[in-house]
file structure32.csv (CSV, C-alpha atoms)
chain,number,residue,atom,x,y,z
A,1,MET,CA,17.9,-18.5,13.3
A,2,LEU,CA,20.7,-17.3,15.6
A,3,GLU,CA,23.0,-16.5,12.7
A,4,LYS,CA,20.3,-14.1,11.2
A,5,SER,CA,20.1,-12.1,14.5
A,6,THR,CA,23.4,-10.3,13.7
A,7,SER,CA,22.7,-9.6,10.1
A,8,ILE,CA,20.8,-6.3,10.9
A,9,ALA,CA,22.4,-3.4,12.8
A,10,SER,CA,20.0,-3.4,15.7
A,11,ASP,CA,20.5,-1.3,18.8
A,12,THR,CA,19.8,-4.3,20.9
A,13,ILE,CA,19.5,-8.0,20.1
A,14,ILE,CA,17.2,-9.8,22.5
A,15,TYR,CA,17.7,-13.6,22.6
A,16,ASP,CA,14.7,-15.4,24.1
A,17,PHE,CA,14.5,-18.2,26.7
A,18,GLU,CA,10.8,-17.6,27.3
A,19,ASP,CA,7.7,-17.6,24.9
A,20,ALA,CA,9.6,-18.2,21.7
A,21,VAL,CA,11.2,-21.4,23.0
A,22,ALA,CA,9.3,-24.7,23.1
A,23,PRO,CA,9.0,-26.2,26.6
A,24,SER,CA,11.1,-29.2,25.6
A,25,GLN,CA,13.9,-26.9,24.3
A,26,LYS,CA,14.1,-24.3,27.2
A,27,ARG,CA,17.1,-26.0,29.0
A,28,PRO,CA,19.0,-26.9,25.8
A,29,ALA,CA,18.5,-23.2,24.6
A,30,ARG,CA,20.9,-22.0,27.3
A,31,SER,CA,24.0,-24.0,26.1
A,32,LEU,CA,23.0,-23.3,22.4
A,33,LEU,CA,23.0,-19.5,23.1
A,34,SER,CA,26.2,-19.6,25.1
A,35,ASN,CA,28.1,-21.4,22.4
A,36,PHE,CA,26.8,-19.0,19.8
A,37,LEU,CA,27.7,-15.9,21.7
A,38,GLN,CA,31.2,-17.2,22.4
A,39,ALA,CA,31.8,-17.4,18.6
A,40,LEU,CA,30.5,-13.9,17.9
A,41,PRO,CA,33.1,-11.4,16.4
A,42,SER,CA,34.3,-8.9,18.9
A,43,HIS,CA,33.4,-5.9,16.6
A,44,LEU,CA,29.6,-6.5,16.9
A,45,THR,CA,28.3,-3.2,18.2
A,46,SER,CA,24.7,-4.2,19.1
A,47,GLU,CA,23.9,-4.6,22.8
A,48,ILE,CA,23.2,-8.2,23.7
A,49,ALA,CA,20.2,-9.0,25.9
A,50,VAL,CA,18.5,-12.2,27.0
A,51,ARG,CA,14.8,-12.5,27.9
A,52,VAL,CA,14.7,-15.1,30.7
A,53,ASN,CA,11.8,-17.0,32.0
A,54,PRO,CA,9.7,-15.1,34.7
A,55,SER,CA,10.7,-15.1,38.3
A,56,ALA,CA,7.8,-17.5,39.2
A,57,SER,CA,9.1,-20.1,36.8
A,58,ASP,CA,11.1,-23.1,38.0
A,59,LEU,CA,13.5,-22.3,35.2
A,60,PHE,CA,14.3,-18.8,36.4
A,61,VAL,CA,17.3,-19.4,38.7
A,62,ASP,CA,19.1,-21.6,36.3
A,63,ASP,CA,18.3,-19.1,33.5
A,64,ILE,CA,20.0,-16.3,35.5
A,65,ALA,CA,23.0,-18.5,36.3
A,66,SER,CA,23.4,-19.3,32.6
A,67,VAL,CA,23.1,-15.6,31.6
A,68,VAL,CA,25.7,-14.6,34.2
A,69,ALA,CA,28.2,-17.0,32.7
A,70,MET,CA,27.8,-15.4,29.2
A,71,SER,CA,30.3,-12.5,29.1
A,72,ARG,CA,28.7,-10.9,26.1
A,73,VAL,CA,25.3,-10.3,27.8
A,74,GLN,CA,24.8,-6.8,29.1
A,75,THR,CA,21.1,-6.7,29.7
A,76,ILE,CA,18.4,-9.0,31.1
A,77,VAL,CA,14.8,-8.6,29.9
A,78,LEU,CA,12.6,-9.7,32.8
A,79,PRO,CA,9.1,-10.8,31.6
A,80,LYS,CA,5.9,-10.6,33.7
A,81,VAL,CA,7.1,-8.0,36.2
A,82,HIS,CA,4.0,-7.5,38.2
A,83,GLU,CA,5.5,-5.9,41.3
A,84,ARG,CA,8.9,-5.0,42.8
A,85,LEU,CA,9.1,-8.5,44.3
A,86,ASP,CA,9.9,-9.8,40.9
A,87,LEU,CA,12.9,-7.5,40.7
A,88,ASP,CA,13.9,-8.5,44.3
A,89,LEU,CA,13.9,-12.1,43.2
A,90,LEU,CA,16.2,-11.2,40.3
A,91,ASP,CA,18.4,-9.3,42.7
A,92,GLN,CA,18.7,-12.4,44.9
A,93,ALA,CA,19.6,-14.6,41.9
A,94,LEU,CA,22.3,-12.2,40.8
A,95,GLU,CA,23.7,-11.4,44.3
A,96,ALA,CA,26.9,-13.3,43.9
A,97,THR,CA,27.7,-11.8,40.5
A,98,SER,CA,30.1,-8.9,39.7
A,99,GLY,CA,27.4,-7.0,37.7
A,100,PRO,CA,25.7,-4.7,37.5
A,101,PHE,CA,23.3,-5.9,34.8
A,102,SER,CA,20.9,-3.5,33.0
A,103,VAL,CA,17.4,-4.7,33.4
A,104,ILE,CA,14.4,-4.0,31.1
A,105,ALA,CA,11.2,-4.7,33.0
A,106,SER,CA,8.4,-6.1,30.8
A,107,ILE,CA,5.0,-4.6,31.7
A,108,GLU,CA,2.4,-7.2,30.8
A,109,SER,CA,-0.5,-6.9,33.2
A,110,ALA,CA,-3.0,-4.5,34.9
A,111,ARG,CA,-1.3,-5.3,38.2
A,112,ALA,CA,2.0,-4.2,36.7
A,113,LEU,CA,0.5,-0.9,35.6
A,114,TRP,CA,-0.9,-0.4,39.1
A,115,ASN,CA,2.5,-1.0,40.6
A,116,ILE,CA,4.5,0.7,37.9
A,117,GLY,CA,5.9,3.4,40.1
A,118,ASP,CA,7.5,0.9,42.4
A,119,ILE,CA,8.8,-1.1,39.4
A,120,ALA,CA,10.3,2.0,37.7
A,121,GLY,CA,11.8,3.3,40.9
A,122,TRP,CA,13.2,0.0,42.1
A,123,ARG,CA,16.8,-0.1,43.4
A,124,SER,CA,19.0,-3.1,43.9
A,125,SER,CA,20.0,-4.0,47.5
A,126,THR,CA,23.1,-5.8,46.3
A,127,GLY,CA,24.3,-3.5,43.5
A,128,SER,CA,23.9,-6.4,41.0
A,129,ALA,CA,21.3,-4.8,38.7
A,130,TYR,CA,19.5,-1.6,37.8
A,131,VAL,CA,16.3,-0.9,35.8
A,132,SER,CA,17.2,0.8,32.6
A,133,GLY,CA,13.9,0.6,30.8
A,134,LEU,CA,10.2,-0.3,30.7
A,135,LEU,CA,8.9,-2.4,27.9
A,136,PHE,CA,5.2,-2.7,27.1
A,137,ALA,CA,4.0,-6.2,26.1
A,138,ALA,CA,0.6,-5.6,24.5
A,139,GLU,CA,-0.3,-9.2,23.6
A,140,ASP,CA,0.1,-10.3,27.2
A,141,TYR,CA,-1.7,-7.2,28.6
A,142,THR,CA,-4.8,-7.2,26.5
A,143,SER,CA,-7.4,-9.9,26.8
A,144,ILE,CA,-9.0,-8.9,23.5
A,145,ILE,CA,-7.7,-8.9,19.9
A,146,ARG,CA,-5.7,-5.8,19.3
A,147,THR,CA,-7.4,-3.3,16.9
A,148,ARG,CA,-5.6,-1.4,14.2
A,149,SER,CA,-6.6,1.9,15.9
A,150,ARG,CA,-4.8,0.8,19.2
A,151,THR,CA,-7.4,2.8,21.2
A,152,GLU,CA,-7.8,0.1,23.7
A,153,LEU,CA,-4.1,0.3,24.5
A,154,LEU,CA,-3.8,4.1,24.7
A,155,TYR,CA,-4.0,4.4,28.5
A,156,ALA,CA,-1.6,1.5,29.2
A,157,ARG,CA,1.0,2.8,26.7
A,158,SER,CA,0.8,6.4,28.0
A,159,HIS,CA,1.1,5.2,31.6
A,160,VAL,CA,4.3,3.2,30.7
A,161,VAL,CA,5.8,6.3,29.0
A,162,ASN,CA,4.9,8.6,32.0
A,163,ALA,CA,6.5,6.2,34.5
A,164,ALA,CA,9.6,5.8,32.4
A,165,LYS,CA,10.1,9.5,32.0
A,166,ALA,CA,9.4,10.1,35.7
A,167,PHE,CA,12.4,7.9,36.6
A,168,GLY,CA,14.7,8.6,33.7
A,169,LEU,CA,14.2,5.2,32.0
A,170,HIS,CA,13.9,4.2,28.4
A,171,ALA,CA,10.3,3.6,27.2
A,172,ILE,CA,10.1,0.7,24.7
A,173,ASP,CA,6.9,0.3,22.7
A,174,MET,CA,5.0,-3.0,21.9
A,175,VAL,CA,5.8,-5.2,18.9
A,176,CYS,CA,3.9,-4.8,15.7
A,177,VAL,CA,2.5,-8.3,15.0
A,178,ASN,CA,1.6,-7.4,11.4
A,179,TYR,CA,5.2,-7.9,10.5
A,180,LYS,CA,4.7,-8.0,6.7
A,181,ASP,CA,2.7,-4.7,6.6
A,182,MET,CA,5.4,-2.0,6.5
A,183,ASP,CA,2.9,0.9,6.1
A,184,TYR,CA,1.1,-0.2,9.2
A,185,LEU,CA,4.4,-0.7,11.1
A,186,ARG,CA,5.4,2.9,10.2
A,187,GLU,CA,2.0,4.2,11.3
A,188,GLU,CA,2.4,2.3,14.6
A,189,CYS,CA,6.0,3.6,15.1
A,190,GLU,CA,4.9,7.2,14.5
A,191,ASP,CA,2.0,6.8,16.9
A,192,GLY,CA,4.4,5.4,19.6
A,193,ARG,CA,6.9,8.2,19.0
A,194,ARG,CA,4.1,10.8,19.5
A,195,LEU,CA,3.2,9.2,22.8
A,196,GLY,CA,6.8,9.5,23.9
A,197,PHE,CA,8.3,6.1,23.4
A,198,ASP,CA,12.1,6.0,22.8
A,199,GLY,CA,12.0,2.9,20.6
A,200,LYS,CA,10.1,-0.2,19.6
A,201,GLN,CA,10.5,-3.9,19.7
A,202,ALA,CA,10.9,-5.8,16.4
A,203,ILE,CA,9.9,-9.4,15.9
A,204,HIS,CA,11.3,-9.7,12.4
A,205,PRO,CA,14.5,-8.4,10.8
A,206,SER,CA,12.5,-6.7,8.1
A,207,GLN,CA,11.0,-4.3,10.7
A,208,VAL,CA,14.3,-2.9,12.0
A,209,GLN,CA,15.0,-0.3,9.3
A,210,VAL,CA,11.5,1.2,9.5
A,211,ILE,CA,11.6,1.4,13.3
A,212,GLN,CA,15.0,3.0,13.3
A,213,ASP,CA,14.1,5.5,10.5
A,214,THR,CA,11.0,6.5,12.4
A,215,PHE,CA,12.5,7.0,15.9
A,216,VAL,CA,15.5,9.0,14.9
A,217,PRO,CA,14.9,12.8,14.5
A,218,SER,CA,14.1,13.9,11.0
A,219,GLU,CA,16.4,16.4,9.2
A,220,ARG,CA,13.9,19.1,9.8
A,221,GLU,CA,13.7,18.3,13.5
A,222,VAL,CA,17.5,18.4,13.8
A,223,LEU,CA,17.8,21.7,12.0
A,224,ARG,CA,15.1,23.3,14.2
A,225,ALA,CA,16.8,22.0,17.4
A,226,ALA,CA,20.2,23.3,16.2
A,227,ARG,CA,18.7,26.7,15.4
A,228,ILE,CA,17.0,26.9,18.9
A,229,ILE,CA,20.3,26.2,20.7
A,230,ALA,CA,22.2,28.8,18.5
A,231,LYS,CA,19.5,31.5,19.0
A,232,MET,CA,19.3,30.7,22.7
A,233,ASP,CA,22.9,31.7,23.1
A,234,GLU,CA,22.2,35.0,21.4
A,235,ALA,CA,19.2,35.6,23.5
A,236,TYR,CA,21.0,34.9,26.8
A,237,ALA,CA,23.8,37.2,25.8
A,238,GLN,CA,21.1,39.9,25.5
A,239,ASN,CA,19.7,39.0,28.9
A,240,LYS,CA,16.5,37.6,27.2
A,241,GLY,CA,14.8,34.5,28.5
A,242,ALA,CA,12.7,33.9,25.4
A,243,PHE,CA,12.9,34.5,21.7
A,244,GLY,CA,11.0,34.0,18.5
A,245,LEU,CA,12.0,31.4,15.9
A,246,ASP,CA,10.7,31.8,12.4
A,247,ASP,CA,10.7,29.4,9.4
A,248,PRO,CA,14.1,29.6,7.7
A,249,ASN,CA,12.6,28.3,4.5
A,250,ASP,CA,9.9,30.9,4.2
A,251,ALA,CA,10.9,34.5,4.9
A,252,ASN,CA,7.2,35.7,4.4
A,253,SER,CA,5.8,33.2,6.8
A,254,SER,CA,3.8,34.6,9.8
A,255,GLU,CA,4.4,31.4,11.8
A,256,THR,CA,6.9,32.3,14.5
A,257,GLU,CA,7.4,30.1,17.6
A,258,MET,CA,8.0,31.6,21.0
A,259,ILE,CA,10.9,29.6,22.4
A,260,ASP,CA,11.8,29.5,26.1
A,261,GLU,CA,13.6,27.1,28.5
A,262,PRO,CA,11.3,24.0,28.2
A,263,MET,CA,11.7,24.0,24.4
A,264,VAL,CA,15.4,24.5,24.7
A,265,LYS,CA,15.6,21.4,26.8
A,266,GLN,CA,13.6,19.5,24.1
A,267,ALA,CA,16.1,20.8,21.5
A,268,ARG,CA,19.0,19.5,23.5
A,269,LYS,CA,17.4,16.1,23.7
A,270,THR,CA,16.8,16.1,20.0
A,271,LEU,CA,20.4,16.9,19.3
A,272,GLU,CA,21.6,14.2,21.7
A,273,ARG,CA,19.5,11.6,19.9
A,274,ALA,CA,20.7,12.8,16.6
A,275,HIS,CA,24.3,12.5,17.8
A,276,ARG,CA,23.8,9.0,19.1
A,277,ALA,CA,22.3,8.0,15.7
A,278,GLY,CA,25.3,9.4,13.8
A,279,LEU,CA,23.3,12.1,12.1
A,280,VAL,CA,24.9,15.3,10.8
A,281,ILE,CA,24.2,18.3,13.0
A,282,PRO,CA,24.1,21.4,10.8
A,283,ASP,CA,26.2,24.5,11.6
A,284,VAL,CA,23.6,27.3,12.0
A,285,SER,CA,25.8,29.8,13.8
A,286,THR,CA,25.1,32.4,11.1
A,287,ALA,CA,21.5,31.3,10.3

call {"tool": "encode", "arguments": {"input": "structure32.csv", "output": "structure tokens"}}
result
Amino acid sequence: MLEKSTSIASDTIIYDFEDAVAPSQKRPARSLLSNFLQALPSHLTSEIAVRVNPSASDLFVDDIASVVAMSRVQTIVLPKVHERLDLDLLDQALEATSGPFSVIASIESARALWNIGDIAGWRSSTGSAYVSGLLFAAEDYTSIIRTRSRTELLYARSHVVNAAKAFGLHAIDMVCVNYKDMDYLREECEDGRRLGFDGKQAIHPSQVQVIQDTFVPSEREVLRAARIIAKMDEAYAQNKGAFGLDDPNDANSSETEMIDEPMVKQARKTLERAHRAGLVIPDVSTA
């Protein structure tokens, strides 16, 4: 199982000490992962993260000590973050480390949603950690069977995105439990992207490609963003704060967008995402 984790070019690989590990194997899992990570090739580019047991668990402190000793681990996924106290306890456990560790706070309860501003805005008192993202865990959050429409999760998912954006964090969407249904996975990814999520958890290697393909900007989106930035420069040179953007593929189209500063900011973000994904940014200086 561990060997398979590096077979797909994921942005982040999360190794689990929590729900995916049988109670009798939770302590042995630490040394097993440590040995595995030590043997990993140095050229692996995926970020390495570990989901530890929650701060209320008697396994928590030893989990953190184990993770700190693993030099390849950059990020801690902290489950069941209900309030800032959970992050304070992590801070205390990390206090003697060189750090800082990136922390992804897993939002799994109504109490967490109530306190999400405090969670997203948390700051370490020791400099050992910082919150880099909020992750929504739907299966823990909902007390009913999830429907294919996801309507029952709309408020919670939107709230997680809003909190993440307010504090400049990554927003990571829930897993798709129907891991063999690629069409439904794609639909769920598209839905998450429209809500504003930056990415999505995968529970099976077969999901990774669909998730990555959905969350990177499309060729059409990249072209539009590049044209906006190019025409912005022209407009500013003419002392204009807004300009019209037509469809380059249809000279007779009456659909012209009015572009101003907020849409320019969106275009910059699109090009940043495209650049990070290794996509080609077209030269539209003469378009």

call {"tool": "atom_distance", "arguments": {"input": "structure32.csv", "atom1": "atom CA of A:Glu221", "atom2": "atom CA of A:His275"}}
result
12.8 Å

call {"tool": "atom_distance", "arguments": {"input": "structure32.csv", "atom1": "atom CA of A:Gly117", "atom2": "atom CA of A:Ile14"}}
result
24.7 Å

call {"tool": "atom_distance", "arguments": {"input": "structure32.csv", "atom1": "atom CA of A:Asp198", "atom2": "atom CA of A:Trp122"}}
result
20.2 Å

call {"tool": "residues_around", "arguments": {"input": "structure32.csv", "residues": "A:Val284", "least_positions_apart": "2", "cutoff": "10 Å", "atoms": "only C-alpha atoms", "output": "number ranges by chain"}}
result
A: 223-224, 226-231, 281-282, 286-287

call {"tool": "residues_around", "arguments": {"input": "structure32.csv", "residues": "stretch 72-79 of chain A", "least_positions_apart": "5", "cutoff": "8 Å", "atoms": "only C-alpha atoms", "output": "mmCIF file with C-alpha atoms, in the frame of the given file"}}
result
data_model
loop_
_atom_site.group_PDB
_atom_site.id
_atom_site.type_symbol
_atom_site.label_atom_id
_atom_site.label_comp_id
_atom_site.auth_asym_id
_atom_site.auth_seq_id
_atom_site.Cartn_x
_atom_site.Cartn_y
_atom_site.Cartn_z
ATOM 1 C CA ILE A 14 17.200 -9.800 22.500
ATOM 2 C CA LEU A 37 27.700 -15.900 21.700
ATOM 3 C CA GLN A 38 31.200 -17.200 22.400
ATOM 4 C CA GLU A 47 23.900 -4.600 22.800
ATOM 5 C CA ILE A 48 23.200 -8.200 23.700
ATOM 6 C CA ALA A 49 20.200 -9.000 25.900
ATOM 7 C CA VAL A 50 18.500 -12.200 27.000
ATOM 8 C CA ARG A 51 14.800 -12.500 27.900
ATOM 9 C CA VAL A 52 14.700 -15.100 30.700
ATOM 10 C CA ASN A 53 11.800 -17.000 32.000
ATOM 11 C CA PRO A 54 9.700 -15.100 34.700
ATOM 12 C CA SER A 55 10.700 -15.100 38.300
ATOM 13 C CA VAL A 67 23.100 -15.600 31.600
ATOM 14 C CA PHE A 101 23.300 -5.900 34.800
ATOM 15 C CA SER A 102 20.900 -3.500 33.000
ATOM 16 C CA VAL A 103 17.400 -4.700 33.400
ATOM 17 C CA ILE A 104 14.400 -4.000 31.100
ATOM 18 C CA ALA A 105 11.200 -4.700 33.000
ATOM 19 C CA SER A 106 8.400 -6.100 30.800
ATOM 20 C CA ILE A 107 5.000 -4.600 31.700
ATOM 21 C CA GLU A 108 2.400 -7.200 30.800
#

call {"tool": "closest_residue", "arguments": {"input": "structure32.csv", "among": "A:Ser10, A:Ser158, A:Thr147, A:Thr126", "to": "A:Ile211", "atoms": "all atoms listed in the file"}}
result
A:Ser10

call {"tool": "residues_around", "arguments": {"input": "structure32.csv", "residues": "A:Tyr179", "least_positions_apart": "3", "cutoff": "9 Å", "atoms": "only C-alpha atoms", "output": "PyMOL selection string"}}
result
chain A and resi 175-176+182+184-185+202-204+206-207

call {"tool": "write_last_selection", "arguments": {"input": "structure32.csv", "atoms": "C-alpha atoms", "output": "CSV table (one decimal), keeping the file's coordinate frame"}}
result
chain,number,residue,atom,x,y,z
A,175,VAL,CA,5.8,-5.2,18.9
A,176,CYS,CA,3.9,-4.8,15.7
A,182,MET,CA,5.4,-2.0,6.5
A,184,TYR,CA,1.1,-0.2,9.2
A,185,LEU,CA,4.4,-0.7,11.1
A,202,ALA,CA,10.9,-5.8,16.4
A,203,ILE,CA,9.9,-9.4,15.9
A,204,HIS,CA,11.3,-9.7,12.4
A,206,SER,CA,12.5,-6.7,8.1
A,207,GLN,CA,11.0,-4.3,10.7

call {"tool": "closest_residue", "arguments": {"input": "structure32.csv", "among": "A:Asp88, A:Glu152, A:Asp260, A:Asp283", "to": "A:Gly241", "atoms": "only C-alpha atoms"}}
result
A:Asp260

call {"tool": "residues_around", "arguments": {"input": "structure32.csv", "residues": "A:Ala163", "least_positions_apart": "5", "cutoff": "9 Å", "atoms": "only C-alpha atoms", "output": "PyMOL selection string"}}
result
chain A and resi 116-117+120-121+134+158+168-169+171

call {"tool": "write_last_selection", "arguments": {"input": "structure32.csv", "atoms": "C-alpha atoms", "output": "short mmCIF file (atom, residue, chain, number, x, y, z; two decimals), keeping the file's coordinate frame"}}
result
data_model
loop_
_atom_site.label_atom_id
_atom_site.label_comp_id
_atom_site.auth_asym_id
_atom_site.auth_seq_id
_atom_site.Cartn_x
_atom_site.Cartn_y
_atom_site.Cartn_z
CA ILE A 116 4.50 0.70 37.90
CA GLY A 117 5.90 3.40 40.10
CA ALA A 120 10.30 2.00 37.70
CA GLY A 121 11.80 3.30 40.90
CA LEU A 134 10.20 -0.30 30.70
CA SER A 158 0.80 6.40 28.00
CA GLY A 168 14.70 8.60 33.70
CA LEU A 169 14.20 5.20 32.00
CA ALA A 171 10.30 3.60 27.20
#

call {"tool": "residues_around", "arguments": {"input": "structure32.csv", "residues": "A:Val222", "least_positions_apart": "5", "cutoff": "7 Å", "atoms": "all atoms listed in the file", "output": "list in words"}}
result
Pro217, Thr270, Leu271 and Ile281 of chain A

call {"tool": "residues_near_point", "arguments": {"input": "structure32.csv", "point": "(-0.1, 8.7, 16.6)", "cutoff": "12 Å", "atoms": "only C-alpha atoms", "output": "list of chain:residue names"}}
result
A:Arg148, A:Ser149, A:Arg150, A:Thr151, A:Leu154, A:Arg157, A:Ser158, A:Tyr184, A:Leu185, A:Arg186, A:Glu187, A:Glu188, A:Cys189, A:Glu190, A:Asp191, A:Gly192, A:Arg193, A:Arg194, A:Leu195, A:Gly196, A:Phe197

call {"tool": "closest_residue", "arguments": {"input": "structure32.csv", "among": "A:His170, A:Lys4, A:Arg84, A:His159", "to": "A:Phe36", "atoms": "all atoms listed in the file"}}
result
A:Lys4

call {"tool": "decode", "arguments": {"input": "structure32.csv", "residues": "stretch 40-62 of chain A", "atoms": "N, CA and C atoms", "output": "PDB file, in the first residue's frame"}}
result
ATOM      1  N   LEU A  40      12.621   6.726   0.517  1.00  0.00           N
ATOM      2  CA  LEU A  40      12.086   7.385  -0.672  1.00  0.00           C
ATOM      3  C   LEU A  40      13.201   8.066  -1.458  1.00  0.00           C
ATOM      4  N   PRO A  41      13.112   8.044  -2.788  1.00  0.00           N
ATOM      5  CA  PRO A  41      14.115   8.752  -3.599  1.00  0.00           C
ATOM      6  C   PRO A  41      14.025  10.257  -3.390  1.00  0.00           C
ATOM      7  N   SER A  42      15.129  10.927  -3.458  1.00  0.00           N
ATOM      8  CA  SER A  42      15.183  12.359  -3.180  1.00  0.00           C
ATOM      9  C   SER A  42      14.467  13.193  -4.237  1.00  0.00           C
ATOM     10  N   HIS A  43      14.257  12.628  -5.435  1.00  0.00           N
ATOM     11  CA  HIS A  43      13.653  13.412  -6.515  1.00  0.00           C
ATOM     12  C   HIS A  43      12.119  13.437  -6.461  1.00  0.00           C
ATOM     13  N   LEU A  44      11.513  12.784  -5.485  1.00  0.00           N
ATOM     14  CA  LEU A  44      10.056  12.817  -5.367  1.00  0.00           C
ATOM     15  C   LEU A  44       9.597  14.252  -5.129  1.00  0.00           C
ATOM     16  N   THR A  45       8.695  14.741  -5.950  1.00  0.00           N
ATOM     17  CA  THR A  45       8.295  16.150  -5.878  1.00  0.00           C
ATOM     18  C   THR A  45       7.025  16.391  -5.082  1.00  0.00           C
ATOM     19  N   SER A  46       6.254  15.354  -4.802  1.00  0.00           N
ATOM     20  CA  SER A  46       5.013  15.533  -4.051  1.00  0.00           C
ATOM     21  C   SER A  46       5.307  15.990  -2.625  1.00  0.00           C
ATOM     22  N   GLU A  47       4.462  16.884  -2.130  1.00  0.00           N
ATOM     23  CA  GLU A  47       4.546  17.278  -0.727  1.00  0.00           C
ATOM     24  C   GLU A  47       4.146  16.074   0.138  1.00  0.00           C
ATOM     25  N   ILE A  48       4.829  15.880   1.251  1.00  0.00           N
ATOM     26  CA  ILE A  48       4.535  14.766   2.151  1.00  0.00           C
ATOM     27  C   ILE A  48       3.827  15.298   3.390  1.00  0.00           C
ATOM     28  N   ALA A  49       2.664  14.730   3.672  1.00  0.00           N
ATOM     29  CA  ALA A  49       1.881  15.124   4.842  1.00  0.00           C
ATOM     30  C   ALA A  49       1.481  13.885   5.630  1.00  0.00           C
ATOM     31  N   VAL A  50       1.214  14.087   6.905  1.00  0.00           N
ATOM     32  CA  VAL A  50       0.744  12.997   7.760  1.00  0.00           C
ATOM     33  C   VAL A  50      -0.501  13.467   8.501  1.00  0.00           C
ATOM     34  N   ARG A  51      -1.548  12.655   8.432  1.00  0.00           N
ATOM     35  CA  ARG A  51      -2.729  12.928   9.255  1.00  0.00           C
ATOM     36  C   ARG A  51      -2.550  12.185  10.576  1.00  0.00           C
ATOM     37  N   VAL A  52      -2.394  12.951  11.642  1.00  0.00           N
ATOM     38  CA  VAL A  52      -2.185  12.369  12.961  1.00  0.00           C
ATOM     39  C   VAL A  52      -3.534  12.102  13.620  1.00  0.00           C
ATOM     40  N   ASN A  53      -3.514  11.463  14.772  1.00  0.00           N
ATOM     41  CA  ASN A  53      -4.733  11.310  15.547  1.00  0.00           C
ATOM     42  C   ASN A  53      -5.095  12.650  16.187  1.00  0.00           C
ATOM     43  N   PRO A  54      -6.376  12.874  16.499  1.00  0.00           N
ATOM     44  CA  PRO A  54      -6.802  14.192  16.992  1.00  0.00           C
ATOM     45  C   PRO A  54      -6.178  14.558  18.333  1.00  0.00           C
ATOM     46  N   SER A  55      -6.223  15.835  18.651  1.00  0.00           N
ATOM     47  CA  SER A  55      -5.568  16.337  19.857  1.00  0.00           C
ATOM     48  C   SER A  55      -6.146  15.733  21.132  1.00  0.00           C
ATOM     49  N   ALA A  56      -7.393  15.262  21.092  1.00  0.00           N
ATOM     50  CA  ALA A  56      -8.012  14.660  22.279  1.00  0.00           C
ATOM     51  C   ALA A  56      -7.585  13.213  22.484  1.00  0.00           C
ATOM     52  N   SER A  57      -6.879  12.632  21.525  1.00  0.00           N
ATOM     53  CA  SER A  57      -6.480  11.227  21.606  1.00  0.00           C
ATOM     54  C   SER A  57      -5.227  11.061  22.457  1.00  0.00           C
ATOM     55  N   ASP A  58      -5.135   9.924  23.151  1.00  0.00           N
ATOM     56  CA  ASP A  58      -3.917   9.653  23.927  1.00  0.00           C
ATOM     57  C   ASP A  58      -2.747   9.275  23.021  1.00  0.00           C
ATOM     58  N   LEU A  59      -3.003   9.178  21.708  1.00  0.00           N
ATOM     59  CA  LEU A  59      -1.947   8.887  20.738  1.00  0.00           C
ATOM     60  C   LEU A  59      -1.324  10.157  20.170  1.00  0.00           C
ATOM     61  N   PHE A  60      -1.959  11.285  20.435  1.00  0.00           N
ATOM     62  CA  PHE A  60      -1.609  12.532  19.748  1.00  0.00           C
ATOM     63  C   PHE A  60      -0.163  12.964  19.975  1.00  0.00           C
ATOM     64  N   VAL A  61       0.260  13.075  21.213  1.00  0.00           N
ATOM     65  CA  VAL A  61       1.596  13.600  21.513  1.00  0.00           C
ATOM     66  C   VAL A  61       2.679  12.723  20.895  1.00  0.00           C
ATOM     67  N   ASP A  62       2.521  11.405  21.000  1.00  0.00           N
ATOM     68  CA  ASP A  62       3.517  10.500  20.416  1.00  0.00           C
ATOM     69  C   ASP A  62       3.473  10.536  18.890  1.00  0.00           C
TER      70      ASP A  62
END
